[in-house]
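Containing mmCIF, N, CA and C atoms: start_38.cif.
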```
data_run
loop_
_atom_site.label_atom_id
_atom_site.label_comp_id
_atom_site.auth_asym_id
_atom_site.auth_seq_id
_atom_site.Cartn_x
_atom_site.Cartn_y
_atom_site.Cartn_z
N MET X 1 2.65 38.53 17.96
CA MET X 1 3.38 37.34 18.39
C MET X 1 2.87 36.91 19.77
N THR X 2 2.67 35.63 19.94
CA THR X 2 2.21 35.06 21.20
C THR X 2 3.34 35.07 22.23
N GLN X 3 3.01 35.45 23.46
CA GLN X 3 4.00 35.43 24.54
C GLN X 3 4.31 33.98 24.91
N PRO X 4 5.58 33.69 25.23
CA PRO X 4 5.90 32.33 25.66
C PRO X 4 5.25 32.01 27.00
N LEU X 5 4.92 30.76 27.19
CA LEU X 5 4.41 30.31 28.48
C LEU X 5 5.54 30.39 29.51
N ARG X 6 5.16 30.59 30.76
CA ARG X 6 6.15 30.68 31.86
C ARG X 6 6.03 29.44 32.73
N TYR X 7 7.18 28.90 33.14
CA TYR X 7 7.15 27.68 33.95
C TYR X 7 8.11 27.77 35.13
N ILE X 8 7.84 26.91 36.11
CA ILE X 8 8.74 26.68 37.24
C ILE X 8 9.18 25.23 37.15
N LEU X 9 10.48 25.01 37.09
CA LEU X 9 11.05 23.66 37.04
C LEU X 9 11.31 23.21 38.48
N VAL X 10 10.68 22.10 38.88
CA VAL X 10 10.85 21.58 40.24
C VAL X 10 11.58 20.25 40.15
N GLY X 11 12.81 20.26 40.62
CA GLY X 11 13.67 19.08 40.59
C GLY X 11 14.85 19.33 39.67
N LEU X 12 16.03 19.45 40.26
CA LEU X 12 17.24 19.74 39.49
C LEU X 12 18.29 18.64 39.64
N GLY X 13 17.82 17.44 39.97
CA GLY X 13 18.73 16.30 40.06
C GLY X 13 19.11 15.82 38.67
N ASN X 14 19.41 14.56 38.54
CA ASN X 14 19.87 14.03 37.25
C ASN X 14 18.93 14.35 36.10
N MET X 15 17.67 13.95 36.20
CA MET X 15 16.73 14.19 35.11
C MET X 15 16.38 15.67 34.99
N GLY X 16 16.31 16.36 36.11
CA GLY X 16 16.05 17.80 36.06
C GLY X 16 17.14 18.54 35.30
N GLN X 17 18.39 18.10 35.48
CA GLN X 17 19.50 18.72 34.74
C GLN X 17 19.41 18.39 33.26
N VAL X 18 18.92 17.20 32.93
CA VAL X 18 18.74 16.86 31.51
C VAL X 18 17.69 17.79 30.90
N TRP X 19 16.57 17.96 31.60
CA TRP X 19 15.55 18.90 31.12
C TRP X 19 16.15 20.29 30.96
N ALA X 20 16.89 20.73 31.98
CA ALA X 20 17.44 22.10 32.00
C ALA X 20 18.49 22.32 30.91
N SER X 21 19.21 21.27 30.54
CA SER X 21 20.30 21.46 29.58
C SER X 21 19.91 21.14 28.14
N SER X 22 18.79 20.43 27.93
CA SER X 22 18.46 20.05 26.54
C SER X 22 17.07 20.51 26.11
N THR X 23 16.05 19.97 26.69
CA THR X 23 14.68 20.23 26.25
C THR X 23 14.25 21.68 26.47
N LEU X 24 14.44 22.18 27.67
CA LEU X 24 13.91 23.50 28.01
C LEU X 24 14.60 24.65 27.29
N PRO X 25 15.92 24.63 27.09
CA PRO X 25 16.53 25.71 26.30
C PRO X 25 15.98 25.76 24.87
N ARG X 26 15.64 24.60 24.33
CA ARG X 26 15.07 24.56 22.97
C ARG X 26 13.70 25.23 22.94
N LEU X 27 12.88 24.99 23.98
CA LEU X 27 11.57 25.65 24.05
C LEU X 27 11.73 27.17 24.14
N ALA X 28 12.73 27.61 24.89
CA ALA X 28 12.99 29.05 24.99
C ALA X 28 13.43 29.61 23.64
N ALA X 29 14.31 28.90 22.95
CA ALA X 29 14.81 29.36 21.65
C ALA X 29 13.68 29.48 20.63
N LEU X 30 12.68 28.61 20.75
CA LEU X 30 11.54 28.63 19.85
C LEU X 30 10.48 29.66 20.28
N GLY X 31 10.70 30.27 21.44
CA GLY X 31 9.74 31.25 21.95
C GLY X 31 8.48 30.62 22.51
N LYS X 32 8.55 29.35 22.88
CA LYS X 32 7.37 28.62 23.37
C LYS X 32 7.20 28.70 24.89
N ALA X 33 8.30 28.59 25.64
CA ALA X 33 8.22 28.58 27.10
C ALA X 33 9.53 29.07 27.69
N ILE X 34 9.41 29.83 28.78
CA ILE X 34 10.59 30.37 29.47
C ILE X 34 10.49 30.09 30.98
N PRO X 35 11.63 29.90 31.62
CA PRO X 35 11.61 29.66 33.06
C PRO X 35 11.44 30.97 33.84
N VAL X 36 10.72 30.88 34.94
CA VAL X 36 10.66 32.01 35.87
C VAL X 36 11.29 31.65 37.20
N ALA X 37 11.42 30.35 37.47
CA ALA X 37 12.06 29.90 38.71
C ALA X 37 12.40 28.42 38.59
N ALA X 38 13.30 27.97 39.48
CA ALA X 38 13.66 26.57 39.58
C ALA X 38 13.74 26.22 41.07
N VAL X 39 13.47 24.96 41.37
CA VAL X 39 13.41 24.51 42.77
C VAL X 39 14.13 23.18 42.92
N ASP X 40 14.91 23.08 43.98
CA ASP X 40 15.51 21.81 44.37
C ASP X 40 15.90 21.91 45.84
N THR X 41 15.93 20.78 46.53
CA THR X 41 16.32 20.78 47.94
C THR X 41 17.82 20.94 48.11
N SER X 42 18.58 20.79 47.03
CA SER X 42 20.04 20.90 47.08
C SER X 42 20.51 22.17 46.36
N PRO X 43 20.85 23.20 47.10
CA PRO X 43 21.27 24.46 46.48
C PRO X 43 22.49 24.33 45.57
N GLU X 44 23.28 23.28 45.74
CA GLU X 44 24.46 23.11 44.88
C GLU X 44 24.07 22.85 43.42
N THR X 45 22.81 22.56 43.16
CA THR X 45 22.35 22.35 41.78
C THR X 45 22.00 23.66 41.08
N PHE X 46 21.90 24.74 41.84
CA PHE X 46 21.40 26.00 41.29
C PHE X 46 22.29 26.60 40.21
N ARG X 47 23.59 26.59 40.42
CA ARG X 47 24.49 27.26 39.46
C ARG X 47 24.38 26.65 38.07
N GLN X 48 24.43 25.34 38.00
CA GLN X 48 24.36 24.68 36.70
C GLN X 48 22.99 24.89 36.04
N ALA X 49 21.93 24.72 36.81
CA ALA X 49 20.59 24.92 36.25
C ALA X 49 20.40 26.36 35.81
N SER X 50 20.89 27.28 36.60
CA SER X 50 20.79 28.70 36.27
C SER X 50 21.48 29.01 34.95
N ALA X 51 22.64 28.42 34.74
CA ALA X 51 23.38 28.65 33.50
C ALA X 51 22.64 28.04 32.30
N HIS X 52 22.12 26.85 32.44
CA HIS X 52 21.40 26.20 31.33
C HIS X 52 20.11 26.93 30.97
N LEU X 53 19.43 27.43 32.00
CA LEU X 53 18.12 28.04 31.79
C LEU X 53 18.18 29.55 31.58
N ASN X 54 19.39 30.11 31.69
CA ASN X 54 19.53 31.57 31.61
C ASN X 54 18.62 32.24 32.64
N LEU X 55 18.71 31.75 33.86
CA LEU X 55 17.85 32.15 34.96
C LEU X 55 18.72 32.70 36.09
N PRO X 56 18.42 33.88 36.62
CA PRO X 56 19.22 34.39 37.74
C PRO X 56 19.19 33.41 38.92
N GLU X 57 20.32 33.24 39.59
CA GLU X 57 20.36 32.30 40.72
C GLU X 57 19.39 32.68 41.82
N GLU X 58 19.06 33.97 41.93
CA GLU X 58 18.10 34.37 42.96
C GLU X 58 16.67 33.90 42.63
N HIS X 59 16.48 33.33 41.46
CA HIS X 59 15.20 32.73 41.09
C HIS X 59 15.20 31.23 41.32
N CYS X 60 16.21 30.73 42.05
CA CYS X 60 16.31 29.32 42.42
C CYS X 60 15.99 29.19 43.91
N TYR X 61 15.19 28.21 44.24
CA TYR X 61 14.65 28.07 45.60
C TYR X 61 14.80 26.63 46.09
N THR X 62 14.80 26.49 47.41
CA THR X 62 14.74 25.17 48.03
C THR X 62 13.32 24.83 48.46
N ASP X 63 12.40 25.77 48.35
CA ASP X 63 11.02 25.58 48.78
C ASP X 63 10.07 25.89 47.62
N VAL X 64 9.30 24.89 47.20
CA VAL X 64 8.42 25.07 46.04
C VAL X 64 7.36 26.13 46.30
N ASN X 65 6.85 26.20 47.52
CA ASN X 65 5.81 27.19 47.82
C ASN X 65 6.35 28.62 47.73
N ARG X 66 7.56 28.83 48.17
CA ARG X 66 8.17 30.17 48.05
C ARG X 66 8.36 30.54 46.58
N ALA X 67 8.82 29.60 45.79
CA ALA X 67 9.02 29.86 44.35
C ALA X 67 7.69 30.20 43.68
N CYS X 68 6.67 29.41 43.98
CA CYS X 68 5.36 29.64 43.36
C CYS X 68 4.75 30.97 43.80
N ALA X 69 4.95 31.33 45.05
CA ALA X 69 4.41 32.59 45.55
C ALA X 69 5.15 33.80 44.95
N ALA X 70 6.43 33.63 44.67
CA ALA X 70 7.25 34.74 44.19
C ALA X 70 7.18 34.96 42.69
N HIS X 71 6.77 33.93 41.94
CA HIS X 71 6.82 34.01 40.47
C HIS X 71 5.54 33.47 39.85
N SER X 72 4.88 34.27 39.08
CA SER X 72 3.70 33.83 38.35
C SER X 72 4.12 32.93 37.20
N ALA X 73 3.48 31.77 37.08
CA ALA X 73 3.83 30.82 36.03
C ALA X 73 2.57 30.16 35.48
N ASP X 74 2.65 29.74 34.23
CA ASP X 74 1.54 29.05 33.59
C ASP X 74 1.51 27.57 33.94
N PHE X 75 2.70 26.98 34.12
CA PHE X 75 2.74 25.56 34.45
C PHE X 75 3.98 25.23 35.27
N GLY X 76 3.88 24.13 36.00
CA GLY X 76 5.00 23.61 36.76
C GLY X 76 5.48 22.32 36.11
N ILE X 77 6.79 22.14 36.10
CA ILE X 77 7.37 20.91 35.57
C ILE X 77 7.88 20.11 36.76
N VAL X 78 7.37 18.91 36.93
CA VAL X 78 7.67 18.08 38.10
C VAL X 78 8.68 17.00 37.72
N VAL X 79 9.90 17.17 38.23
CA VAL X 79 10.99 16.22 37.94
C VAL X 79 11.65 15.83 39.26
N VAL X 80 10.83 15.30 40.17
CA VAL X 80 11.29 14.86 41.48
C VAL X 80 10.92 13.39 41.63
N PRO X 81 11.41 12.70 42.67
CA PRO X 81 11.01 11.31 42.87
C PRO X 81 9.48 11.19 42.99
N PRO X 82 8.91 10.11 42.46
CA PRO X 82 7.46 9.95 42.44
C PRO X 82 6.75 10.11 43.79
N ALA X 83 7.40 9.75 44.87
CA ALA X 83 6.78 9.89 46.19
C ALA X 83 6.54 11.36 46.55
N GLN X 84 7.21 12.28 45.87
CA GLN X 84 7.06 13.71 46.14
C GLN X 84 6.13 14.41 45.15
N HIS X 85 5.67 13.72 44.13
CA HIS X 85 4.85 14.35 43.09
C HIS X 85 3.60 15.02 43.64
N GLU X 86 2.90 14.35 44.53
CA GLU X 86 1.63 14.90 45.02
C GLU X 86 1.84 16.24 45.71
N GLU X 87 2.84 16.34 46.54
CA GLU X 87 3.13 17.60 47.24
C GLU X 87 3.44 18.72 46.25
N ILE X 88 4.23 18.42 45.24
CA ILE X 88 4.62 19.43 44.25
C ILE X 88 3.42 19.83 43.40
N VAL X 89 2.64 18.86 42.96
CA VAL X 89 1.44 19.15 42.17
C VAL X 89 0.49 20.03 42.96
N GLU X 90 0.29 19.72 44.24
CA GLU X 90 -0.59 20.54 45.09
C GLU X 90 -0.12 21.99 45.15
N ALA X 91 1.18 22.18 45.31
CA ALA X 91 1.72 23.54 45.38
C ALA X 91 1.48 24.28 44.07
N CYS X 92 1.73 23.62 42.96
CA CYS X 92 1.51 24.25 41.65
C CYS X 92 0.04 24.57 41.42
N LEU X 93 -0.83 23.63 41.75
CA LEU X 93 -2.26 23.87 41.57
C LEU X 93 -2.75 25.01 42.46
N ALA X 94 -2.20 25.11 43.66
CA ALA X 94 -2.59 26.19 44.57
C ALA X 94 -2.23 27.56 44.01
N HIS X 95 -1.29 27.57 43.07
CA HIS X 95 -0.87 28.83 42.44
C HIS X 95 -1.34 28.90 40.98
N ASP X 96 -2.43 28.19 40.68
CA ASP X 96 -3.13 28.29 39.40
C ASP X 96 -2.29 27.85 38.20
N MET X 97 -1.50 26.80 38.37
CA MET X 97 -0.66 26.30 37.29
C MET X 97 -1.16 24.97 36.74
N HIS X 98 -0.92 24.76 35.46
CA HIS X 98 -1.07 23.45 34.85
C HIS X 98 0.17 22.63 35.23
N ILE X 99 0.16 21.33 34.93
CA ILE X 99 1.24 20.44 35.36
C ILE X 99 1.81 19.67 34.17
N LEU X 100 3.14 19.61 34.11
CA LEU X 100 3.86 18.70 33.22
C LEU X 100 4.74 17.87 34.14
N SER X 101 4.51 16.56 34.15
CA SER X 101 5.20 15.70 35.12
C SER X 101 5.86 14.52 34.43
N GLU X 102 6.97 14.11 35.00
CA GLU X 102 7.57 12.85 34.57
C GLU X 102 6.73 11.69 35.09
N LYS X 103 6.84 10.57 34.42
CA LYS X 103 6.14 9.37 34.87
C LYS X 103 6.91 8.74 36.03
N PRO X 104 6.28 7.96 36.84
CA PRO X 104 4.85 7.77 36.95
C PRO X 104 4.18 8.97 37.62
N ILE X 105 2.86 9.02 37.57
CA ILE X 105 2.15 10.15 38.17
C ILE X 105 2.47 10.23 39.66
N ALA X 106 2.54 9.10 40.33
CA ALA X 106 2.88 9.03 41.76
C ALA X 106 3.49 7.67 42.03
N ASP X 107 3.87 7.44 43.28
CA ASP X 107 4.50 6.16 43.62
C ASP X 107 3.48 5.07 43.96
N THR X 108 2.20 5.44 44.07
CA THR X 108 1.14 4.45 44.35
C THR X 108 -0.06 4.76 43.47
N MET X 109 -0.92 3.76 43.30
CA MET X 109 -2.16 3.98 42.55
C MET X 109 -3.05 4.98 43.28
N ASP X 110 -3.13 4.87 44.61
CA ASP X 110 -3.94 5.81 45.38
C ASP X 110 -3.43 7.25 45.20
N GLY X 111 -2.12 7.41 45.24
CA GLY X 111 -1.54 8.74 45.04
C GLY X 111 -1.85 9.27 43.65
N SER X 112 -1.77 8.41 42.65
CA SER X 112 -2.09 8.81 41.28
C SER X 112 -3.54 9.25 41.16
N CYS X 113 -4.44 8.51 41.80
CA CYS X 113 -5.86 8.87 41.77
C CYS X 113 -6.13 10.19 42.48
N ARG X 114 -5.44 10.41 43.60
CA ARG X 114 -5.61 11.69 44.31
C ARG X 114 -5.14 12.85 43.45
N ILE X 115 -3.98 12.70 42.81
CA ILE X 115 -3.46 13.76 41.94
C ILE X 115 -4.45 14.03 40.81
N TYR X 116 -4.91 12.97 40.16
CA TYR X 116 -5.89 13.12 39.08
C TYR X 116 -7.10 13.92 39.56
N SER X 117 -7.65 13.54 40.70
CA SER X 117 -8.83 14.21 41.24
C SER X 117 -8.57 15.68 41.54
N LYS X 118 -7.41 15.98 42.08
CA LYS X 118 -7.07 17.37 42.41
C LYS X 118 -6.94 18.22 41.16
N VAL X 119 -6.32 17.68 40.13
CA VAL X 119 -6.14 18.41 38.87
C VAL X 119 -7.51 18.68 38.24
N ILE X 120 -8.34 17.68 38.18
CA ILE X 120 -9.69 17.82 37.59
C ILE X 120 -10.52 18.82 38.39
N LYS X 121 -10.46 18.72 39.71
CA LYS X 121 -11.28 19.57 40.58
C LYS X 121 -11.04 21.05 40.33
N VAL X 122 -9.78 21.44 40.08
CA VAL X 122 -9.47 22.86 39.87
C VAL X 122 -9.48 23.25 38.39
N GLY X 123 -9.81 22.31 37.52
CA GLY X 123 -9.95 22.63 36.10
C GLY X 123 -8.65 22.87 35.38
N LYS X 124 -7.58 22.24 35.82
CA LYS X 124 -6.28 22.39 35.16
C LYS X 124 -5.98 21.17 34.29
N LYS X 125 -4.92 21.27 33.53
CA LYS X 125 -4.47 20.17 32.68
C LYS X 125 -3.19 19.59 33.24
N MET X 126 -3.01 18.29 33.01
CA MET X 126 -1.78 17.63 33.43
C MET X 126 -1.32 16.72 32.30
N ALA X 127 -0.06 16.84 31.94
CA ALA X 127 0.54 15.94 30.97
C ALA X 127 1.66 15.18 31.65
N VAL X 128 1.83 13.93 31.26
CA VAL X 128 2.86 13.08 31.85
C VAL X 128 3.79 12.63 30.74
N THR X 129 5.10 12.83 30.96
CA THR X 129 6.09 12.46 29.94
C THR X 129 6.61 11.06 30.17
#
```
What does this structure look like when you write it as structure tokens?
Amino acid sequence: MTQPLRYILVGLGNMGQVWASSTLPRLAALGKAIPVAAVDTSPETFRQASAHLNLPEEHCYTDVNRACAAHSADFGIVVVPPAQHEEIVEACLAHDMHILSEKPIADTMDGSCRIYSKVIKVGKKMAVT
């Protein structure tokens, strides 16, 4: 049996909670992907996300770099405002992760092109939902 992929969910706001409560539990139930950490700037989001993802609260962080350094993951899920996508993608790429991001890729065309170039340069894959 193939091991499930491991991910870090970055962004636990409105859409992040939708991912945490619907899509991601289904992937875990199918044995496709499991969470290793979650990140948000608002710690008050941790309890609900932790319950939905069956993730210990100590695996919830306010700093994406700390989460990435503490937990090995195959991919990062980016569910933050578009102006923050580049920073989050950089952190995930620095820790050898592929990227699954909500649209748009970034808040500007220049930002989108930079993200594209960074992903290609390190030989990773990026999907946009």
Might I get the box with edges along x, y and z of the file that holds all atoms of stretch 89-106 of chain X listed there, padded by 4 Å on every side, given as centre and edge lengths in Å to one decimal, as AutoDock Vina command-line options?
```
--center_x 2.2 --center_y 18.3 --center_z 39.3 --size_x 18.7 --size_y 29.2 --size_z 20.2
```
- Task: DSSP on the backbone, then: every residue of chain X marked helix (DSSP H, G or I), written as a PyMOL selection string.
- Result: chain X and resi 14-29+43-53+57-59+64-70+82-94+109-121
Exercise: stretch 63-77 of chain X partners within 6.5 Å, all atoms listed in the file, chain neighbours under 2 positions left out, as a compact mmCIF listing (two decimals) with N, CA and C atoms, keeping the file's coordinate frame:
```txt
# COMPACT_ATOMS: atom_id res chain seq x y z
N LEU X 5 4.92 30.76 27.19
CA LEU X 5 4.41 30.31 28.48
C LEU X 5 5.54 30.39 29.51
N ARG X 6 5.16 30.59 30.76
CA ARG X 6 6.15 30.68 31.86
C ARG X 6 6.03 29.44 32.73
N TYR X 7 7.18 28.90 33.14
CA TYR X 7 7.15 27.68 33.95
C TYR X 7 8.11 27.77 35.13
N ILE X 8 7.84 26.91 36.11
CA ILE X 8 8.74 26.68 37.24
C ILE X 8 9.18 25.23 37.15
N LEU X 9 10.48 25.01 37.09
CA LEU X 9 11.05 23.66 37.04
C LEU X 9 11.31 23.21 38.48
N VAL X 10 10.68 22.10 38.88
CA VAL X 10 10.85 21.58 40.24
C VAL X 10 11.58 20.25 40.15
N GLY X 11 12.81 20.26 40.62
CA GLY X 11 13.67 19.08 40.59
C GLY X 11 14.85 19.33 39.67
N VAL X 36 10.72 30.88 34.94
CA VAL X 36 10.66 32.01 35.87
C VAL X 36 11.29 31.65 37.20
N ALA X 37 11.42 30.35 37.47
CA ALA X 37 12.06 29.90 38.71
C ALA X 37 12.40 28.42 38.59
N VAL X 39 13.47 24.96 41.37
CA VAL X 39 13.41 24.51 42.77
C VAL X 39 14.13 23.18 42.92
N ASP X 40 14.91 23.08 43.98
CA ASP X 40 15.51 21.81 44.37
C ASP X 40 15.90 21.91 45.84
N THR X 41 15.93 20.78 46.53
CA THR X 41 16.32 20.78 47.94
C THR X 41 17.82 20.94 48.11
N TYR X 61 15.19 28.21 44.24
CA TYR X 61 14.65 28.07 45.60
C TYR X 61 14.80 26.63 46.09
N VAL X 79 9.90 17.17 38.23
CA VAL X 79 10.99 16.22 37.94
C VAL X 79 11.65 15.83 39.26
N ALA X 91 1.18 22.18 45.31
CA ALA X 91 1.72 23.54 45.38
C ALA X 91 1.48 24.28 44.07
N CYS X 92 1.73 23.62 42.96
CA CYS X 92 1.51 24.25 41.65
C CYS X 92 0.04 24.57 41.42
N HIS X 95 -1.29 27.57 43.07
CA HIS X 95 -0.87 28.83 42.44
C HIS X 95 -1.34 28.90 40.98
N ASP X 96 -2.43 28.19 40.68
CA ASP X 96 -3.13 28.29 39.40
C ASP X 96 -2.29 27.85 38.20
N MET X 97 -1.50 26.80 38.37
CA MET X 97 -0.66 26.30 37.29
C MET X 97 -1.16 24.97 36.74
N HIS X 98 -0.92 24.76 35.46
CA HIS X 98 -1.07 23.45 34.85
C HIS X 98 0.17 22.63 35.23
N ILE X 99 0.16 21.33 34.93
CA ILE X 99 1.24 20.44 35.36
C ILE X 99 1.81 19.67 34.17
N LEU X 100 3.14 19.61 34.11
CA LEU X 100 3.86 18.70 33.22
C LEU X 100 4.74 17.87 34.14
N SER X 101 4.51 16.56 34.15
CA SER X 101 5.20 15.70 35.12
C SER X 101 5.86 14.52 34.43
N GLU X 102 6.97 14.11 35.00
CA GLU X 102 7.57 12.85 34.57
C GLU X 102 6.73 11.69 35.09
```
Identify all residues satisfying the PyMOL selection byres (((chain X and resi 17 and name CA) around 12) and name CA) in the given file; provide them as a compact mmCIF listing (two decimals) with N, CA and C atoms, keeping the file's coordinate frame.
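This went into expr_0.txt:
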```txt
# COMPACT_ATOMS: atom_id res chain seq x y z
N LEU X 9 10.48 25.01 37.09
CA LEU X 9 11.05 23.66 37.04
C LEU X 9 11.31 23.21 38.48
N VAL X 10 10.68 22.10 38.88
CA VAL X 10 10.85 21.58 40.24
C VAL X 10 11.58 20.25 40.15
N GLY X 11 12.81 20.26 40.62
CA GLY X 11 13.67 19.08 40.59
C GLY X 11 14.85 19.33 39.67
N LEU X 12 16.03 19.45 40.26
CA LEU X 12 17.24 19.74 39.49
C LEU X 12 18.29 18.64 39.64
N GLY X 13 17.82 17.44 39.97
CA GLY X 13 18.73 16.30 40.06
C GLY X 13 19.11 15.82 38.67
N ASN X 14 19.41 14.56 38.54
CA ASN X 14 19.87 14.03 37.25
C ASN X 14 18.93 14.35 36.10
N MET X 15 17.67 13.95 36.20
CA MET X 15 16.73 14.19 35.11
C MET X 15 16.38 15.67 34.99
N GLY X 16 16.31 16.36 36.11
CA GLY X 16 16.05 17.80 36.06
C GLY X 16 17.14 18.54 35.30
N VAL X 18 18.92 17.20 32.93
CA VAL X 18 18.74 16.86 31.51
C VAL X 18 17.69 17.79 30.90
N TRP X 19 16.57 17.96 31.60
CA TRP X 19 15.55 18.90 31.12
C TRP X 19 16.15 20.29 30.96
N ALA X 20 16.89 20.73 31.98
CA ALA X 20 17.44 22.10 32.00
C ALA X 20 18.49 22.32 30.91
N SER X 21 19.21 21.27 30.54
CA SER X 21 20.30 21.46 29.58
C SER X 21 19.91 21.14 28.14
N SER X 22 18.79 20.43 27.93
CA SER X 22 18.46 20.05 26.54
C SER X 22 17.07 20.51 26.11
N THR X 23 16.05 19.97 26.69
CA THR X 23 14.68 20.23 26.25
C THR X 23 14.25 21.68 26.47
N LEU X 24 14.44 22.18 27.67
CA LEU X 24 13.91 23.50 28.01
C LEU X 24 14.60 24.65 27.29
N PRO X 25 15.92 24.63 27.09
CA PRO X 25 16.53 25.71 26.30
C PRO X 25 15.98 25.76 24.87
N ALA X 38 13.30 27.97 39.48
CA ALA X 38 13.66 26.57 39.58
C ALA X 38 13.74 26.22 41.07
N VAL X 39 13.47 24.96 41.37
CA VAL X 39 13.41 24.51 42.77
C VAL X 39 14.13 23.18 42.92
N ASP X 40 14.91 23.08 43.98
CA ASP X 40 15.51 21.81 44.37
C ASP X 40 15.90 21.91 45.84
N THR X 45 22.81 22.56 43.16
CA THR X 45 22.35 22.35 41.78
C THR X 45 22.00 23.66 41.08
N PHE X 46 21.90 24.74 41.84
CA PHE X 46 21.40 26.00 41.29
C PHE X 46 22.29 26.60 40.21
N ARG X 47 23.59 26.59 40.42
CA ARG X 47 24.49 27.26 39.46
C ARG X 47 24.38 26.65 38.07
N GLN X 48 24.43 25.34 38.00
CA GLN X 48 24.36 24.68 36.70
C GLN X 48 22.99 24.89 36.04
N ALA X 49 21.93 24.72 36.81
CA ALA X 49 20.59 24.92 36.25
C ALA X 49 20.40 26.36 35.81
N SER X 50 20.89 27.28 36.60
CA SER X 50 20.79 28.70 36.27
C SER X 50 21.48 29.01 34.95
N ALA X 51 22.64 28.42 34.74
CA ALA X 51 23.38 28.65 33.50
C ALA X 51 22.64 28.04 32.30
N HIS X 52 22.12 26.85 32.44
CA HIS X 52 21.40 26.20 31.33
C HIS X 52 20.11 26.93 30.97
N LEU X 53 19.43 27.43 32.00
CA LEU X 53 18.12 28.04 31.79
C LEU X 53 18.18 29.55 31.58
N VAL X 79 9.90 17.17 38.23
CA VAL X 79 10.99 16.22 37.94
C VAL X 79 11.65 15.83 39.26
N VAL X 80 10.83 15.30 40.17
CA VAL X 80 11.29 14.86 41.48
C VAL X 80 10.92 13.39 41.63
```
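Taking atom CA of X:Leu55 and atom CA of X:Lys32 as endpoints, the distance between them is 16.0 Å.
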- Message: Calculated over all atoms listed in the file, which of the candidates X:Met126, X:Leu93, X:Cys60, X:Ala106 has the smallest distance to X:Pro81?
- Response: X:Ala106
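The list of residues with at least one atom within 9 Å of X:Lys118, based on only C-alpha atoms and without residues fewer than 4 positions apart in the same chain, reads Val89, Glu90, Leu93, Cys113, Arg114, Val122, Gly123 and Lys124 of chain X.
With only C-alpha atoms as the atoms that count, the residue of X:Pro104, X:Ile115, X:Ser42, X:Ile34 with the shortest distance to X:Asn54 is X:Ile34.
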- Task: Have a look at atom N of X:Pro43 and atom N of X:Thr62 and let me know their distance in Å, one decimal.
- Result: 6.9 Å
- Message: Nearest residue to X:Leu27 out of X:Val119, X:Ile105, X:Pro4, X:Glu86, using all atoms listed in the file?
- Response: X:Pro4
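Rounded to one decimal, atom N of X:Arg26 and atom CA of X:Val78 lie 17.2 Å from each other.
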- Message: Using only C-alpha atoms for the distances, tell me which of X:Ala83, X:Leu30, X:Lys121, X:Thr2 is nearest to X:Lys103.
- Response: X:Ala83
- Expected answer as a ChimeraX atom specification: strand (DSSP E or B) residues in stretch 3-110 of chain X: /X:5-10,33-39,60-61,75-78,98-101
Keeping N, CA and C atoms, export the residues of the selection given above as a compact mmCIF listing (two decimals), in the frame of the given file.
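Okay, this is what ended up in out-v8.txt:
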```txt
# COMPACT_ATOMS: atom_id res chain seq x y z
N LEU X 5 4.92 30.76 27.19
CA LEU X 5 4.41 30.31 28.48
C LEU X 5 5.54 30.39 29.51
N ARG X 6 5.16 30.59 30.76
CA ARG X 6 6.15 30.68 31.86
C ARG X 6 6.03 29.44 32.73
N TYR X 7 7.18 28.90 33.14
CA TYR X 7 7.15 27.68 33.95
C TYR X 7 8.11 27.77 35.13
N ILE X 8 7.84 26.91 36.11
CA ILE X 8 8.74 26.68 37.24
C ILE X 8 9.18 25.23 37.15
N LEU X 9 10.48 25.01 37.09
CA LEU X 9 11.05 23.66 37.04
C LEU X 9 11.31 23.21 38.48
N VAL X 10 10.68 22.10 38.88
CA VAL X 10 10.85 21.58 40.24
C VAL X 10 11.58 20.25 40.15
N ALA X 33 8.30 28.59 25.64
CA ALA X 33 8.22 28.58 27.10
C ALA X 33 9.53 29.07 27.69
N ILE X 34 9.41 29.83 28.78
CA ILE X 34 10.59 30.37 29.47
C ILE X 34 10.49 30.09 30.98
N PRO X 35 11.63 29.90 31.62
CA PRO X 35 11.61 29.66 33.06
C PRO X 35 11.44 30.97 33.84
N VAL X 36 10.72 30.88 34.94
CA VAL X 36 10.66 32.01 35.87
C VAL X 36 11.29 31.65 37.20
N ALA X 37 11.42 30.35 37.47
CA ALA X 37 12.06 29.90 38.71
C ALA X 37 12.40 28.42 38.59
N ALA X 38 13.30 27.97 39.48
CA ALA X 38 13.66 26.57 39.58
C ALA X 38 13.74 26.22 41.07
N VAL X 39 13.47 24.96 41.37
CA VAL X 39 13.41 24.51 42.77
C VAL X 39 14.13 23.18 42.92
N CYS X 60 16.21 30.73 42.05
CA CYS X 60 16.31 29.32 42.42
C CYS X 60 15.99 29.19 43.91
N TYR X 61 15.19 28.21 44.24
CA TYR X 61 14.65 28.07 45.60
C TYR X 61 14.80 26.63 46.09
N PHE X 75 2.70 26.98 34.12
CA PHE X 75 2.74 25.56 34.45
C PHE X 75 3.98 25.23 35.27
N GLY X 76 3.88 24.13 36.00
CA GLY X 76 5.00 23.61 36.76
C GLY X 76 5.48 22.32 36.11
N ILE X 77 6.79 22.14 36.10
CA ILE X 77 7.37 20.91 35.57
C ILE X 77 7.88 20.11 36.76
N VAL X 78 7.37 18.91 36.93
CA VAL X 78 7.67 18.08 38.10
C VAL X 78 8.68 17.00 37.72
N HIS X 98 -0.92 24.76 35.46
CA HIS X 98 -1.07 23.45 34.85
C HIS X 98 0.17 22.63 35.23
N ILE X 99 0.16 21.33 34.93
CA ILE X 99 1.24 20.44 35.36
C ILE X 99 1.81 19.67 34.17
N LEU X 100 3.14 19.61 34.11
CA LEU X 100 3.86 18.70 33.22
C LEU X 100 4.74 17.87 34.14
N SER X 101 4.51 16.56 34.15
CA SER X 101 5.20 15.70 35.12
C SER X 101 5.86 14.52 34.43
```
